[in-house]
Every structure is written in C-alpha cells, then in structure tokens.
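Shown here: model-v6.pdb, PDB, C-alpha atoms and all ligand atoms.
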```pdb
ATOM      1  CA  MET A   1      50.799 136.557 120.276
ATOM      2  CA  ARG A   2      51.095 134.911 123.749
ATOM      3  CA  ASN A   3      48.628 132.056 124.125
ATOM      4  CA  TYR A   4      46.804 131.059 127.327
ATOM      5  CA  GLY A   5      43.577 129.213 128.027
ATOM      6  CA  LEU A   6      41.379 126.969 130.120
ATOM      7  CA  ILE A   7      40.991 123.202 129.903
ATOM      8  CA  GLY A   8      37.973 121.368 131.372
ATOM      9  CA  ASN A   9      34.629 120.020 130.281
ATOM     10  CA  PRO A  10      32.041 121.513 129.949
ATOM     11  CA  LEU A  11      33.293 125.109 129.567
ATOM     12  CA  ALA A  12      30.448 126.935 127.852
ATOM     13  CA  HIS A  13      29.583 129.182 130.859
ATOM     14  CA  SER A  14      33.158 129.987 131.906
ATOM     15  CA  LEU A  15      33.852 133.558 133.032
ATOM     16  CA  SER A  16      37.623 133.091 132.639
ATOM     17  CA  PRO A  17      37.997 134.572 129.098
ATOM     18  CA  ARG A  18      36.145 137.713 130.226
ATOM     19  CA  LEU A  19      38.318 138.081 133.364
ATOM     20  CA  PHE A  20      41.450 137.649 131.223
ATOM     21  CA  GLY A  21      40.243 140.211 128.659
ATOM     22  CA  GLU A  22      39.416 142.762 131.380
ATOM     23  CA  TYR A  23      42.828 142.238 133.022
ATOM     24  CA  CYS A  24      44.698 142.709 129.731
ATOM     25  CA  GLN A  25      42.706 145.845 128.998
ATOM     26  CA  ARG A  26      43.497 147.300 132.451
ATOM     27  CA  GLN A  27      47.219 146.448 132.073
ATOM     28  CA  GLY A  28      47.466 147.621 128.463
ATOM     29  CA  ILE A  29      48.444 144.124 127.288
ATOM     30  CA  THR A  30      47.650 143.705 123.595
ATOM     31  CA  ASP A  31      49.679 140.614 122.633
ATOM     32  CA  ALA A  32      47.955 137.922 124.734
ATOM     33  CA  ARG A  33      44.868 135.817 124.140
ATOM     34  CA  TYR A  34      42.872 133.272 126.157
ATOM     35  CA  ALA A  35      40.876 130.407 124.620
ATOM     36  CA  LEU A  36      38.558 127.694 125.943
ATOM     37  CA  PHE A  37      39.678 124.085 125.329
ATOM     38  CA  PRO A  38      36.953 121.523 126.174
ATOM     39  CA  LEU A  39      39.345 118.525 126.211
ATOM     40  CA  GLU A  40      38.297 114.891 126.550
ATOM     41  CA  ALA A  41      39.997 112.903 129.367
ATOM     42  CA  GLU A  42      42.431 111.226 126.901
ATOM     43  CA  GLY A  43      43.837 114.689 126.172
ATOM     44  CA  VAL A  44      44.959 115.103 129.791
ATOM     45  CA  VAL A  45      47.169 111.991 129.774
ATOM     46  CA  ARG A  46      50.892 112.960 130.057
ATOM     47  CA  GLU A  47      52.164 112.434 126.469
ATOM     48  CA  ALA A  48      48.988 113.714 124.811
ATOM     49  CA  LEU A  49      48.940 116.776 127.049
ATOM     50  CA  HIS A  50      52.585 117.709 126.407
ATOM     51  CA  ALA A  51      52.174 117.285 122.632
ATOM     52  CA  TRP A  52      48.958 119.308 122.619
ATOM     53  CA  VAL A  53      50.467 122.166 124.690
ATOM     54  CA  ALA A  54      53.428 122.396 122.268
ATOM     55  CA  ASP A  55      51.076 122.306 119.287
ATOM     56  CA  GLN A  56      48.989 125.176 120.702
ATOM     57  CA  HIS A  57      52.154 127.167 121.677
ATOM     58  CA  LEU A  58      50.612 127.705 125.125
ATOM     59  CA  LEU A  59      52.556 129.629 127.787
ATOM     60  CA  GLY A  60      50.100 128.800 130.565
ATOM     61  CA  PHE A  61      46.627 127.469 131.172
ATOM     62  CA  ASN A  62      44.014 127.061 133.863
ATOM     63  CA  VAL A  63      42.373 123.753 134.733
ATOM     64  CA  THR A  64      38.791 123.240 135.874
ATOM     65  CA  ILE A  65      36.215 120.475 136.444
ATOM     66  CA  PRO A  66      36.750 117.538 136.013
ATOM     67  CA  TYR A  67      40.568 117.562 135.561
ATOM     68  CA  LYS A  68      42.030 119.373 138.610
ATOM     69  CA  GLN A  69      43.064 116.129 140.306
ATOM     70  CA  LEU A  70      43.603 113.960 137.219
ATOM     71  CA  ILE A  71      46.139 116.380 135.707
ATOM     72  CA  VAL A  72      48.472 116.168 138.735
ATOM     73  CA  HIS A  73      49.934 112.912 137.353
ATOM     74  CA  SER A  74      50.622 114.380 133.889
ATOM     75  CA  LEU A  75      52.860 117.270 134.989
ATOM     76  CA  ASP A  76      56.643 117.572 135.387
ATOM     77  CA  TYR A  77      56.711 119.658 138.572
ATOM     78  CA  LEU A  78      54.260 120.704 141.295
ATOM     79  CA  SER A  79      54.364 123.722 143.604
ATOM     80  CA  ASP A  80      54.450 122.817 147.306
ATOM     81  CA  GLU A  81      50.841 123.963 147.666
ATOM     82  CA  ALA A  82      49.585 121.918 144.688
ATOM     83  CA  ALA A  83      51.431 118.837 145.979
ATOM     84  CA  ALA A  84      49.961 119.237 149.477
ATOM     85  CA  ILE A  85      46.419 119.757 148.149
ATOM     86  CA  GLY A  86      46.602 117.150 145.387
ATOM     87  CA  ALA A  87      44.852 119.400 142.861
ATOM     88  CA  VAL A  88      46.044 121.858 140.189
ATOM     89  CA  ASN A  89      44.098 124.738 138.694
ATOM     90  CA  CYS A  90      46.959 126.634 137.023
ATOM     91  CA  VAL A  91      49.815 125.323 134.860
ATOM     92  CA  SER A  92      52.870 127.278 133.719
ATOM     93  CA  VAL A  93      54.721 126.121 130.608
ATOM     94  CA  ALA A  94      58.463 126.259 129.911
ATOM     95  CA  TYR A  95      60.096 125.350 126.580
ATOM     96  CA  ALA A  96      63.679 124.030 126.812
ATOM     97  CA  ASP A  97      65.601 122.402 123.929
ATOM     98  CA  GLY A  98      62.350 121.633 122.139
ATOM     99  CA  ALA A  99      60.863 119.907 125.206
ATOM    100  CA  VAL A 100      57.789 121.140 127.064
ATOM    101  CA  LYS A 101      57.956 121.256 130.881
ATOM    102  CA  LEU A 102      54.709 121.724 132.796
ATOM    103  CA  THR A 103      54.491 123.002 136.390
ATOM    104  CA  GLY A 104      51.229 122.716 138.332
ATOM    105  CA  HIS A 105      50.072 125.294 140.865
ATOM    106  CA  ASN A 106      46.997 125.638 143.070
ATOM    107  CA  THR A 107      45.770 129.232 143.241
ATOM    108  CA  ASP A 108      42.321 128.258 144.637
ATOM    109  CA  ALA A 109      43.650 127.865 148.201
ATOM    110  CA  ALA A 110      45.371 131.260 148.313
ATOM    111  CA  ALA A 111      42.388 132.925 146.619
ATOM    112  CA  PHE A 112      40.003 131.437 149.175
ATOM    113  CA  ARG A 113      42.274 132.513 152.051
ATOM    114  CA  GLN A 114      42.640 136.029 150.683
ATOM    115  CA  THR A 115      38.898 136.580 150.125
ATOM    116  CA  LEU A 116      37.745 134.897 153.358
ATOM    117  CA  SER A 117      40.095 136.798 155.696
ATOM    118  CA  PRO A 118      38.340 140.196 155.617
ATOM    119  CA  LEU A 119      34.970 138.536 156.402
ATOM    120  CA  LEU A 120      36.059 136.699 159.545
ATOM    121  CA  THR A 121      35.195 137.731 163.087
ATOM    122  CA  PRO A 122      36.762 136.223 166.240
ATOM    123  CA  SER A 123      33.769 133.843 166.525
ATOM    124  CA  HIS A 124      34.632 132.079 163.228
ATOM    125  CA  ARG A 125      37.161 129.615 164.658
ATOM    126  CA  SER A 126      35.577 126.421 163.454
ATOM    127  CA  ALA A 127      34.113 125.419 160.074
ATOM    128  CA  LEU A 128      32.019 122.944 158.124
ATOM    129  CA  VAL A 129      33.122 122.391 154.518
ATOM    130  CA  LEU A 130      30.380 120.785 152.423
ATOM    131  CA  GLY A 131      31.826 118.376 149.831
ATOM    132  CA  THR A 132      35.013 116.331 149.491
ATOM    133  CA  GLY A 133      36.216 117.162 145.957
ATOM    134  CA  GLY A 134      39.200 119.217 144.770
ATOM    135  CA  ALA A 135      37.665 122.523 145.860
ATOM    136  CA  ALA A 136      37.019 121.169 149.366
ATOM    137  CA  GLN A 137      40.656 120.011 149.575
ATOM    138  CA  ALA A 138      41.922 123.490 148.630
ATOM    139  CA  VAL A 139      39.547 125.115 151.144
ATOM    140  CA  GLY A 140      40.596 122.651 153.871
ATOM    141  CA  TYR A 141      44.271 123.418 153.203
ATOM    142  CA  ALA A 142      43.603 127.177 153.416
ATOM    143  CA  LEU A 143      41.590 126.826 156.654
ATOM    144  CA  GLN A 144      44.347 124.743 158.212
ATOM    145  CA  GLN A 145      46.863 127.463 157.357
ATOM    146  CA  MET A 146      44.550 130.031 158.967
ATOM    147  CA  GLY A 147      44.262 127.964 162.157
ATOM    148  CA  ILE A 148      40.535 127.310 161.649
ATOM    149  CA  ASP A 149      39.420 123.857 162.727
ATOM    150  CA  CYS A 150      37.352 122.181 160.019
ATOM    151  CA  ARG A 151      35.242 119.124 159.294
ATOM    152  CA  PHE A 152      34.362 118.048 155.778
ATOM    153  CA  VAL A 153      30.725 117.043 155.263
ATOM    154  CA  SER A 154      29.940 114.191 152.908
ATOM    155  CA  ARG A 155      27.109 111.953 151.751
ATOM    156  CA  ASN A 156      29.584 109.103 152.237
ATOM    157  CA  PRO A 157      32.166 110.097 154.913
ATOM    158  CA  SER A 158      34.080 106.796 154.898
ATOM    159  CA  ALA A 159      34.947 107.268 151.193
ATOM    160  CA  SER A 160      36.419 110.747 151.793
ATOM    161  CA  PHE A 161      40.083 111.626 151.121
ATOM    162  CA  SER A 162      40.241 112.284 154.884
ATOM    163  CA  PRO A 163      37.733 109.994 156.688
ATOM    164  CA  ASP A 164      38.947 111.092 160.168
ATOM    165  CA  GLN A 165      37.979 114.676 159.433
ATOM    166  CA  THR A 166      34.755 113.930 157.565
ATOM    167  CA  ILE A 167      31.255 113.705 159.027
ATOM    168  CA  SER A 168      27.749 113.073 157.720
ATOM    169  CA  TYR A 169      25.169 115.807 157.080
ATOM    170  CA  MET A 170      23.275 114.599 160.184
ATOM    171  CA  GLN A 171      26.401 114.984 162.365
ATOM    172  CA  ALA A 172      27.075 118.367 160.779
ATOM    173  CA  ALA A 173      23.600 119.596 161.773
ATOM    174  CA  GLU A 174      24.414 118.720 165.410
ATOM    175  CA  GLN A 175      27.719 120.650 165.216
ATOM    176  CA  MET A 176      26.222 123.672 163.471
ATOM    177  CA  PRO A 177      25.801 125.801 166.656
ATOM    178  CA  CYS A 178      29.583 125.804 167.320
ATOM    179  CA  ARG A 179      30.841 125.661 163.701
ATOM    180  CA  THR A 180      29.859 129.138 162.575
ATOM    181  CA  LEU A 181      31.722 129.169 159.252
ATOM    182  CA  VAL A 182      30.006 127.086 156.547
ATOM    183  CA  VAL A 183      31.656 126.704 153.126
ATOM    184  CA  ASN A 184      29.791 125.168 150.206
ATOM    185  CA  ALA A 185      32.388 123.309 148.120
ATOM    186  CA  THR A 186      29.801 121.186 146.279
ATOM    187  CA  PRO A 187      28.342 122.125 142.877
ATOM    188  CA  VAL A 188      24.819 121.892 144.346
ATOM    189  CA  GLY A 189      22.787 125.044 143.657
ATOM    190  CA  MET A 190      24.705 126.054 140.538
ATOM    191  CA  THR A 191      22.827 127.275 137.436
ATOM    192  CA  PRO A 192      20.804 125.603 135.823
ATOM    193  CA  HIS A 193      19.878 123.820 139.100
ATOM    194  CA  ALA A 194      19.646 126.993 141.163
ATOM    195  CA  ASP A 195      16.626 125.691 143.104
ATOM    196  CA  ALA A 196      18.807 123.004 144.756
ATOM    197  CA  THR A 197      20.679 123.351 148.067
ATOM    198  CA  PRO A 198      23.243 121.069 149.724
ATOM    199  CA  TRP A 199      21.943 122.045 153.210
ATOM    200  CA  ALA A 200      18.383 121.055 154.194
ATOM    201  CA  ASP A 201      18.178 122.583 157.731
ATOM    202  CA  SER A 202      18.179 126.314 156.982
ATOM    203  CA  GLU A 203      16.655 127.110 160.415
ATOM    204  CA  LEU A 204      20.031 126.205 161.983
ATOM    205  CA  PHE A 205      21.646 129.341 160.523
ATOM    206  CA  THR A 206      21.978 132.266 162.963
ATOM    207  CA  PRO A 207      23.383 135.814 162.821
ATOM    208  CA  HIS A 208      26.683 134.325 164.114
ATOM    209  CA  HIS A 209      27.129 132.265 160.940
ATOM    210  CA  LEU A 210      29.105 133.137 157.826
ATOM    211  CA  VAL A 211      28.180 131.138 154.714
ATOM    212  CA  TYR A 212      30.787 131.207 151.942
ATOM    213  CA  ASP A 213      29.459 129.543 148.766
ATOM    214  CA  LEU A 214      32.144 128.795 146.153
ATOM    215  CA  ILE A 215      29.429 128.996 143.467
ATOM    216  CA  TYR A 216      29.291 132.328 141.580
ATOM    217  CA  ASN A 217      26.417 131.548 139.185
ATOM    218  CA  PRO A 218      23.762 132.451 140.382
ATOM    219  CA  GLN A 219      25.160 135.396 142.345
ATOM    220  CA  GLU A 220      23.037 134.411 145.343
ATOM    221  CA  THR A 221      22.476 130.660 145.693
ATOM    222  CA  ARG A 222      19.471 129.189 147.491
ATOM    223  CA  LEU A 223      21.843 128.251 150.351
ATOM    224  CA  MET A 224      22.988 131.870 150.664
ATOM    225  CA  ALA A 225      19.429 133.260 150.463
ATOM    226  CA  GLU A 226      18.165 130.919 153.193
ATOM    227  CA  ALA A 227      21.167 131.662 155.431
ATOM    228  CA  ARG A 228      20.687 135.415 154.881
ATOM    229  CA  ARG A 229      17.003 135.145 155.863
ATOM    230  CA  HIS A 230      18.155 133.692 159.204
ATOM    231  CA  GLY A 231      20.551 136.594 159.739
ATOM    232  CA  ALA A 232      23.816 134.951 158.570
ATOM    233  CA  ALA A 233      26.465 136.838 156.586
ATOM    234  CA  THR A 234      27.020 135.418 153.089
ATOM    235  CA  GLN A 235      29.610 135.492 150.313
ATOM    236  CA  ASN A 236      29.522 133.994 146.834
ATOM    237  CA  GLY A 237      32.501 132.592 144.884
ATOM    238  CA  LEU A 238      33.066 135.501 142.480
ATOM    239  CA  PRO A 239      35.814 137.293 144.474
ATOM    240  CA  MET A 240      37.622 133.941 144.831
ATOM    241  CA  LEU A 241      37.344 133.299 141.091
ATOM    242  CA  GLN A 242      38.768 136.765 140.386
ATOM    243  CA  ALA A 243      41.572 136.298 142.945
ATOM    244  CA  GLN A 244      42.633 132.891 141.622
ATOM    245  CA  ALA A 245      42.690 134.316 138.093
ATOM    246  CA  ARG A 246      44.896 137.254 139.162
ATOM    247  CA  GLN A 247      47.306 134.825 140.843
ATOM    248  CA  SER A 248      47.499 132.773 137.634
ATOM    249  CA  TYR A 249      48.418 135.907 135.635
ATOM    250  CA  LYS A 250      51.155 136.639 138.187
ATOM    251  CA  ILE A 251      52.531 133.074 137.868
ATOM    252  CA  TRP A 252      52.565 133.458 134.062
ATOM    253  CA  GLY A 253      54.415 136.786 134.357
ATOM    254  CA  LEU A 254      51.635 138.743 132.637
TER
HETATM  255  P1  LIG A 301      33.199 118.198 142.409
HETATM  256  O1  LIG A 301      34.475 117.464 142.601
HETATM  257  O2  LIG A 301      32.360 117.924 141.226
HETATM  258  O3  LIG A 301      32.259 118.010 143.701
HETATM  259  C1  LIG A 301      32.661 118.309 145.008
HETATM  260  C2  LIG A 301      31.921 117.462 146.013
HETATM  261  O4  LIG A 301      30.557 117.853 146.070
HETATM  262  C3  LIG A 301      31.869 115.988 145.711
HETATM  263  O5  LIG A 301      33.076 115.399 146.098
HETATM  264  C4  LIG A 301      30.674 115.528 146.544
HETATM  265  O6  LIG A 301      31.094 115.211 147.888
HETATM  266  C5  LIG A 301      29.801 116.787 146.587
HETATM  267  N1  LIG A 301      28.630 116.618 145.726
HETATM  268  C6  LIG A 301      28.617 116.449 144.388
HETATM  269  N2  LIG A 301      27.346 116.306 143.948
HETATM  270  C7  LIG A 301      26.555 116.409 145.049
HETATM  271  C8  LIG A 301      25.152 116.330 145.265
HETATM  272  N3  LIG A 301      24.305 116.146 144.242
HETATM  273  N4  LIG A 301      24.694 116.484 146.523
HETATM  274  C9  LIG A 301      25.544 116.666 147.575
HETATM  275  N5  LIG A 301      26.894 116.739 147.411
HETATM  276  C10 LIG A 301      27.381 116.614 146.178
HETATM  277  O7  LIG A 301      33.491 119.774 142.391
HETATM  278  P2  LIG A 301      34.764 120.653 142.806
HETATM  279  O8  LIG A 301      35.713 120.744 141.687
HETATM  280  O9  LIG A 301      35.286 120.216 144.128
HETATM  281  O10 LIG A 301      34.053 122.097 142.911
HETATM  282  C11 LIG A 301      32.964 122.310 143.780
HETATM  283  C12 LIG A 301      32.297 123.643 143.484
HETATM  284  O11 LIG A 301      33.198 124.715 143.766
HETATM  285  C13 LIG A 301      31.861 123.813 142.026
HETATM  286  O12 LIG A 301      30.608 124.456 142.004
HETATM  287  C14 LIG A 301      32.925 124.741 141.458
HETATM  288  O13 LIG A 301      32.447 125.531 140.386
HETATM  289  C15 LIG A 301      33.219 125.615 142.671
HETATM  290  N6  LIG A 301      34.539 126.239 142.618
HETATM  291  C16 LIG A 301      34.613 127.591 142.630
HETATM  292  C17 LIG A 301      35.827 128.219 142.630
HETATM  293  C18 LIG A 301      35.895 129.720 142.675
HETATM  294  O14 LIG A 301      36.941 130.287 142.348
HETATM  295  N7  LIG A 301      34.821 130.384 143.078
HETATM  296  C19 LIG A 301      37.016 127.480 142.607
HETATM  297  C20 LIG A 301      36.922 126.085 142.620
HETATM  298  C21 LIG A 301      35.674 125.476 142.607
HETATM  299  P3  LIG A 301      30.536 113.873 148.623
HETATM  300  O15 LIG A 301      30.427 112.822 147.564
HETATM  301  O16 LIG A 301      31.601 113.580 149.621
HETATM  302  O17 LIG A 301      29.217 114.219 149.227
END
```

How does the structure come out when it is put into structure tokens?
Amino acid sequence: MRNYGLIGNPLAHSLSPRLFGEYCQRQGITDARYALFPLEAEGVVREALHAWVADQHLLGFNVTIPYKQLIVHSLDYLSDEAAAIGAVNCVSVAYADGAVKLTGHNTDAAAFRQTLSPLLTPSHRSALVLGTGGAAQAVGYALQQMGIDCRFVSRNPSASFSPDQTISYMQAAEQMPCRTLVVNATPVGMTPHADATPWADSELFTPHHLVYDLIYNPQETRLMAEARRHGAATQNGLPMLQAQARQSYKIWGL
C-alpha cells in the first residue's frame, strides 16, 4: 500500500481524503491510501518530522493550517515556487540509504492562477488581497506572475511580510473603485462562523468586480453573497482546492 496524508490542526472538516479517494477511483488506483494526521507543533520540528514520516512509510503529504510556513525550516529541499512564497502545502518524500529526504512544494499558487485565469476580463488588472498569511503570500505570488498589480489588506499593515505593499481596510475602501479583483485570503466567514465577513462596505462592490473567496465551506460566503447582490461576479475556493490536490498527485507520481 502507498501511504499519503495531510498534516495540520484541526483537520476534522478536511475534504482532502474525499478528493484523494475520488481521484484514485477515477484513475483505477487501488494501492494508495490517504490519512489525516492532526500533529502538534513539536511533530513538525525537523528531526521529529523525519522520524515520523519514516515510521508512517509516507511517500507524500499535504500541509495545512497552521504549519504551511513553519514546516519550511524542517525540509531538505524546496521548489523554487515554495522558496519564493515561503510556504509549503505539499511534500514529496524520497528514501535513500535508509535516510528520509523531504522536498517542499507550493501548489496553492499554481492552483489559484489556473482557476482565476478563466474568470478574468481585461478590466481586472489590479487587486486587493485580504489577509497577510500563507494563502495571501501564494495568491500575491500568482498575481505577480500574471502581471496583476496587488495590495495586501491587513488589520495591522506595518506588521505584514510586505509592509510596502500592504494597506489598511480604510485605504482599501478608497481604492476599491479601481481595484476590481478582490481575493479573500483570510479565514473570516468560514463555517462555523459563516455569518462573519472580512469586508464591511458591501455597497462598494459593482458589476465590474470579481470576488474570489478562498473559503469553500460554506459554498457561498457572506462576502460572496453581498458582492453578488451588488452585481459582482464571485468564485469560492473549491476549484482551487481541487486543483492544488491534483497538482500534489502529479508531484507524487500518482
Ligand atoms: P491564516 O494564516 O490563519 O490567516 C490569514 C490572514 O487572515 C491573517 O494573516 C490575518 O491577516 C487575516 N485574519 C485572520 N483572522 C482575521 C480576522 N478575525 N479578521 C480579519 N482578518 C483576519 O490563514 P491562511 O493559511 O493564510 O488561509 C486563509 C484562508 O484561505 C483559510 O480560510 C484557508 O482555508 C483558505 N485557503 C484555501 C485554499 C484553497 O485551496 N481553497 C488554499 C489555501 C488556503 P492580518 O492579521 O494581516 O489582518
């Protein structure tokens, strides 16, 4: 049996095992399994992580909240994209002479790029990315590659990983008329807090806006519903989740 899985904490509502099962069924793969591993932070430290991976006989694993940035320092190699973003959501495992070698990849950026592209119109040349965590960094990297100018929006801009490119929510409201792509890369609005929204001024949305919410549970967040009511196009995070999973399977050679 080939072993794969997901590390993070908490993991109870993860869709990843279902996506993996559906993929294996479609591909006729019967010798692979995918498990959830709700590790504590000590388990992500270099030596502990390598020993644990060997013990579990893992060939690859995904990484989610809160370890995408922390794990970078525990790996042996990083892909160019993971190094540039500073976050890893997919790890491939090699076994050589009894030693475990771990390589970190970031499939979030490519998945975002791939699923955003078909939704863009020529007016979406400039974006607001809400949040400054690992997801925002992957989105910012993808937007840069696509030639879309972006500002990160934070409750505390000076503490951002990129203070020069980060503005407050008040400044973002002023820039909203010209920044017609809005990406929610905060966890605000996610089940079980689906009544919350990271964006208070819903009347600023227009039919020119595209709101891409990285959240996929609920399917339509309050942010998306309010933007839609003002005529904006909306997208949730499910296609991105599916795309990043498919890229992981490709990296693992499945
Ligand atoms: P994170 O590190 O926990 O948070 C991201 C940022 O959100 C924080 O840096 C913070 O920015 C802002 N934030 C957090 N709590 C907030 C609050 N109460 N009010 C306003 N802003 C708040 O999360 P992440 O790992 O970057 O992920 C963000 C979201 O993207 C999650 O919902 C995750 O599930 C989703 N995601 C989806 C996919 C997909 O494939 N669809 C992939 C990756 C991530 P400031 O402190 O600067 O305000």

What's the 9 Å shell around A:Asp164, counting all atoms listed in the file, without same-chain residues fewer than 6 positions away, as a PyMOL selection string? chain A and resi 151+157-158

For the point (48.9, 113.2, 139.8) in file coordinates, what residues are within 12 Å, counting all atoms listed in the file? Give the answer as an mmCIF file with C-alpha atoms, keeping the file's coordinate frame?
```cif
data_model
loop_
_atom_site.group_PDB
_atom_site.id
_atom_site.type_symbol
_atom_site.label_atom_id
_atom_site.label_comp_id
_atom_site.auth_asym_id
_atom_site.auth_seq_id
_atom_site.Cartn_x
_atom_site.Cartn_y
_atom_site.Cartn_z
ATOM 1 C CA VAL A 44 44.959 115.103 129.791
ATOM 2 C CA VAL A 45 47.169 111.991 129.774
ATOM 3 C CA ARG A 46 50.892 112.960 130.057
ATOM 4 C CA TYR A 67 40.568 117.562 135.561
ATOM 5 C CA LYS A 68 42.030 119.373 138.610
ATOM 6 C CA GLN A 69 43.064 116.129 140.306
ATOM 7 C CA LEU A 70 43.603 113.960 137.219
ATOM 8 C CA ILE A 71 46.139 116.380 135.707
ATOM 9 C CA VAL A 72 48.472 116.168 138.735
ATOM 10 C CA HIS A 73 49.934 112.912 137.353
ATOM 11 C CA SER A 74 50.622 114.380 133.889
ATOM 12 C CA LEU A 75 52.860 117.270 134.989
ATOM 13 C CA ASP A 76 56.643 117.572 135.387
ATOM 14 C CA TYR A 77 56.711 119.658 138.572
ATOM 15 C CA LEU A 78 54.260 120.704 141.295
ATOM 16 C CA ALA A 82 49.585 121.918 144.688
ATOM 17 C CA ALA A 83 51.431 118.837 145.979
ATOM 18 C CA ALA A 84 49.961 119.237 149.477
ATOM 19 C CA ILE A 85 46.419 119.757 148.149
ATOM 20 C CA GLY A 86 46.602 117.150 145.387
ATOM 21 C CA ALA A 87 44.852 119.400 142.861
ATOM 22 C CA VAL A 88 46.044 121.858 140.189
ATOM 23 C CA THR A 103 54.491 123.002 136.390
ATOM 24 C CA GLY A 104 51.229 122.716 138.332
#
```

Using the chain letters and numbering of this document, enumerate as a compact mmCIF listing (two decimals) with C-alpha atoms, keeping the file's coordinate frame the residues selected by the PyMOL selection byres (((chain A and resi 254) around 9) and not hetatm).
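As written to disk, result_7.txt reads:
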```txt
# COMPACT_ATOMS: atom_id res chain seq x y z
CA CYS A 24 44.70 142.71 129.73
CA GLN A 27 47.22 146.45 132.07
CA ILE A 29 48.44 144.12 127.29
CA ALA A 32 47.96 137.92 124.73
CA SER A 248 47.50 132.77 137.63
CA TYR A 249 48.42 135.91 135.64
CA LYS A 250 51.16 136.64 138.19
CA ILE A 251 52.53 133.07 137.87
CA TRP A 252 52.56 133.46 134.06
CA GLY A 253 54.42 136.79 134.36
```

Taking only C-alpha atoms and all ligand atoms into account, which of A:Leu11, A:Ala127, A:Ala135, A:Ala94 comes nearest ligand LIG 301 (chain A)? A:Ala135

One number please: atom C13 of ligand LIG 301 (chain A) to atom CA of A:Ile65, in Å, one decimal. 7.8 Å

A:Ala54 surroundings by all atoms listed in the file, 12 Å radius, close-in-sequence under 6 positions cut, as a ChimeraX atom specification: /A:3,47-48,60,93-96,98-102

Show which residues sit within 9 Å of A:Trp199, as a list of chain:residue names. Count all atoms listed in the file, and ignore same-chain residues fewer than 3 positions away. A:Leu130, A:Tyr169, A:Asn184, A:Ser202, A:Leu223

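Using all atoms listed in the file, the smallest distance between any of A:Asp213, A:Asp31, A:Glu40, A:Glu174 and ligand LIG 301 (chain A) comes from A:Asp213.
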
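The space between atom CA of A:Thr197 and atom N5 of ligand LIG 301 (chain A) spans 9.1 Å.
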
If the PyMOL selection byres (((chain A and resi 7) around 6) and not hetatm) were run on this exact file, what residues would it hold? Put them as a count of residues only. 5

Selection as a ChimeraX atom specification: residues within 8 Å of (41.3, 136.9, 146.8), counting all atoms listed in the file: /A:110-116,239-244

Explicit residues for the PyMOL selection byres (((chain A and resi 20) around 9) and not hetatm) (as a PyMOL selection string): chain A and resi 15-19+21-25+33-34+245-246+249

Keeping only C-alpha atoms, take the residues you just selected and write them out as an mmCIF file, in the coordinates of the input.
```cif
data_model
loop_
_atom_site.group_PDB
_atom_site.id
_atom_site.type_symbol
_atom_site.label_atom_id
_atom_site.label_comp_id
_atom_site.auth_asym_id
_atom_site.auth_seq_id
_atom_site.Cartn_x
_atom_site.Cartn_y
_atom_site.Cartn_z
ATOM 1 C CA LEU A 15 33.852 133.558 133.032
ATOM 2 C CA SER A 16 37.623 133.091 132.639
ATOM 3 C CA PRO A 17 37.997 134.572 129.098
ATOM 4 C CA ARG A 18 36.145 137.713 130.226
ATOM 5 C CA LEU A 19 38.318 138.081 133.364
ATOM 6 C CA GLY A 21 40.243 140.211 128.659
ATOM 7 C CA GLU A 22 39.416 142.762 131.380
ATOM 8 C CA TYR A 23 42.828 142.238 133.022
ATOM 9 C CA CYS A 24 44.698 142.709 129.731
ATOM 10 C CA GLN A 25 42.706 145.845 128.998
ATOM 11 C CA ARG A 33 44.868 135.817 124.140
ATOM 12 C CA TYR A 34 42.872 133.272 126.157
ATOM 13 C CA ALA A 245 42.690 134.316 138.093
ATOM 14 C CA ARG A 246 44.896 137.254 139.162
ATOM 15 C CA TYR A 249 48.418 135.907 135.635
#
```

List the spatial neighbours of A:Val139 as an MDAnalysis selection string - criterion: any atom at most 8 Å away, only C-alpha atoms, same-chain residues fewer than 3 positions off excluded. chainID A and resid 108:109 112:113 129 135:136 142:143 185

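A straight line drawn from atom CA of A:Asn62 to atom C8 of ligand LIG 301 (chain A) is 24.5 Å long.
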
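Compared by their closest atoms to ligand LIG 301 (chain A), and using only C-alpha atoms and all ligand atoms, the residues A:His209, A:Arg2, A:Arg125, A:His13 rank with A:His13 nearest.
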
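Here the question is which of A:Gly189, A:Cys150, A:Leu58, A:Ser162 gets nearest to A:Gln219 using all atoms listed in the file, and that residue is A:Gly189.
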
Would you compute an axis-aligned box for stretch 70-82 of chain A, covering every atom listed for it in the file with 4 Å of margin on each side, and report centre and edge lengths in Å to one decimal as lines of an AutoDock Vina configuration file?
```
center_x = 50.2
center_y = 118.4
center_z = 140.8
size_x = 21.1
size_y = 19.1
size_z = 21.8
```

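In this comparison, which uses only C-alpha atoms, the residue of A:Gly140, A:Gly231, A:Pro163, A:Pro66 approaching A:Asn89 most closely is A:Pro66.
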